[in-house]
Amino acid sequence: RVDELPTVPGESELGLGSPVEIDEVEVPWEIVVPAELGEPDAVYYRPDPPGGMVSLLYGTEQAPQAIFTQFQATVDDVVVKKLATVTRVEKVLVDGEPGLWLSGAPHVFLYLDRTGNVREETVRLAGNVLLWERGSLTLRLEADVSRAEALAIARSATAR
């Protein structure tokens, strides 16, 4: 369990969607929560991409510590678009599933949603990002943590 995450500078508007209660979110999958981070401070839902997107916020919108996002897409076909040459992209495995560790400069990534359409997502926090696949879900962790810490958090993620 992480004792305390550092606050990470974020965009002025995180664009996470509407606040909801975790037990009231209606999506076609079981919500996944990383045990290493504990219960989120807030939960958000947005209907786009198809199937919806659920984001668990740790900290506050004004002082975010981590964002854990889930939506139906695949990492296999993810295309990472660098916005600066110092962004580092590494392939990783999380419990045998493919993923990407994105560190360094700000970046965006493109992915295929569950209907096969290409979509773009920006990084909301000025930390590192771990993207990985679990079944039909793509999971994304944004936080100011090391690759090893992010992988430990990812491995602790279980369905509620």
# chains A, B, ... in the order shown; residues from 1 in each chain; ligands from 1
>>> residues_around(residues="Val129 of chain A", least_positions_apart="3", cutoff="8 Å", atoms="only C-alpha atoms", output="JSON, numbers by chain")
{"A": [101, 102, 103, 123, 140, 141, 142, 143]}
>>> closest_residue(among="A:Thr74, A:Pro28, A:Gly99, A:Pro40", to="Gly59 of chain A", atoms="only C-alpha atoms")
A:Pro40
>>> residues_around(residues="Arg46 of chain A", least_positions_apart="2", cutoff="12 Å", atoms="only C-alpha atoms", output="number ranges by chain")
A: 15-20, 25-27, 43-44, 48-56, 69-71
>>> residues_around(residues="segment 151-156 of chain A", least_positions_apart="4", cutoff="7 Å", atoms="only C-alpha atoms", output="NGL selection string")
:A and (34-36 or 94-95 or 147)
>>> write_last_selection(atoms="all heavy atoms", output="PDB file, in the first residue's frame")
ATOM      1  N   PRO A  34      -7.686  -0.166  -7.633  1.00  0.00           N
ATOM      2  CA  PRO A  34      -6.366  -0.611  -7.187  1.00  0.00           C
ATOM      3  C   PRO A  34      -6.265  -0.612  -5.651  1.00  0.00           C
ATOM      4  O   PRO A  34      -6.330   0.450  -5.026  1.00  0.00           O
ATOM      5  CB  PRO A  34      -5.406   0.406  -7.810  1.00  0.00           C
ATOM      6  CG  PRO A  34      -6.232   1.629  -8.026  1.00  0.00           C
ATOM      7  CD  PRO A  34      -7.645   1.174  -8.210  1.00  0.00           C
ATOM      8  N   ALA A  35      -6.115  -1.778  -5.063  1.00  0.00           N
ATOM      9  CA  ALA A  35      -6.041  -1.902  -3.600  1.00  0.00           C
ATOM     10  C   ALA A  35      -4.882  -1.091  -3.027  1.00  0.00           C
ATOM     11  O   ALA A  35      -4.983  -0.554  -1.926  1.00  0.00           O
ATOM     12  CB  ALA A  35      -5.913  -3.367  -3.203  1.00  0.00           C
ATOM     13  N   GLU A  36      -3.804  -0.961  -3.770  1.00  0.00           N
ATOM     14  CA  GLU A  36      -2.633  -0.207  -3.298  1.00  0.00           C
ATOM     15  C   GLU A  36      -2.972   1.253  -3.020  1.00  0.00           C
ATOM     16  O   GLU A  36      -2.323   1.894  -2.208  1.00  0.00           O
ATOM     17  CB  GLU A  36      -1.489  -0.265  -4.313  1.00  0.00           C
ATOM     18  CG  GLU A  36      -0.758  -1.578  -4.354  1.00  0.00           C
ATOM     19  CD  GLU A  36       0.222  -1.751  -3.210  1.00  0.00           C
ATOM     20  OE1 GLU A  36       0.865  -0.776  -2.792  1.00  0.00           O
ATOM     21  OE2 GLU A  36       0.348  -2.888  -2.737  1.00  0.00           O
ATOM     22  N   VAL A  94       1.462  -6.464 -17.429  1.00  0.00           N
ATOM     23  CA  VAL A  94       0.808  -6.406 -16.124  1.00  0.00           C
ATOM     24  C   VAL A  94      -0.017  -7.683 -16.016  1.00  0.00           C
ATOM     25  O   VAL A  94      -0.981  -7.858 -16.765  1.00  0.00           O
ATOM     26  CB  VAL A  94      -0.093  -5.168 -15.982  1.00  0.00           C
ATOM     27  CG1 VAL A  94      -0.801  -5.176 -14.638  1.00  0.00           C
ATOM     28  CG2 VAL A  94       0.698  -3.877 -16.169  1.00  0.00           C
ATOM     29  N   ASP A  95       0.395  -8.573 -15.137  1.00  0.00           N
ATOM     30  CA  ASP A  95      -0.281  -9.868 -15.000  1.00  0.00           C
ATOM     31  C   ASP A  95      -0.424 -10.561 -16.353  1.00  0.00           C
ATOM     32  O   ASP A  95      -1.468 -11.127 -16.673  1.00  0.00           O
ATOM     33  CB  ASP A  95      -1.649  -9.704 -14.331  1.00  0.00           C
ATOM     34  CG  ASP A  95      -1.531  -9.231 -12.892  1.00  0.00           C
ATOM     35  OD1 ASP A  95      -0.516  -9.562 -12.234  1.00  0.00           O
ATOM     36  OD2 ASP A  95      -2.445  -8.537 -12.425  1.00  0.00           O
ATOM     37  N   ARG A 147       8.100   3.520 -12.288  1.00  0.00           N
ATOM     38  CA  ARG A 147       7.571   2.395 -13.067  1.00  0.00           C
ATOM     39  C   ARG A 147       7.260   1.221 -12.140  1.00  0.00           C
ATOM     40  O   ARG A 147       6.202   0.607 -12.243  1.00  0.00           O
ATOM     41  CB  ARG A 147       8.583   2.016 -14.140  1.00  0.00           C
ATOM     42  CG  ARG A 147       8.175   0.853 -14.982  1.00  0.00           C
ATOM     43  CD  ARG A 147       9.235   0.586 -16.053  1.00  0.00           C
ATOM     44  NE  ARG A 147       8.886  -0.595 -16.788  1.00  0.00           N
ATOM     45  CZ  ARG A 147       9.707  -1.591 -17.013  1.00  0.00           C
ATOM     46  NH1 ARG A 147      10.944  -1.555 -16.583  1.00  0.00           N
ATOM     47  NH2 ARG A 147       9.314  -2.635 -17.694  1.00  0.00           N
TER      48      ARG A 147
END
>>> atom_distance(atom1="atom CA of Glu61 of chain A", atom2="atom CA of Leu14 of chain A")
7.1 Å
>>> atom_distance(atom1="atom CA of Leu130 of chain A", atom2="atom CA of Leu57 of chain A")
15.4 Å
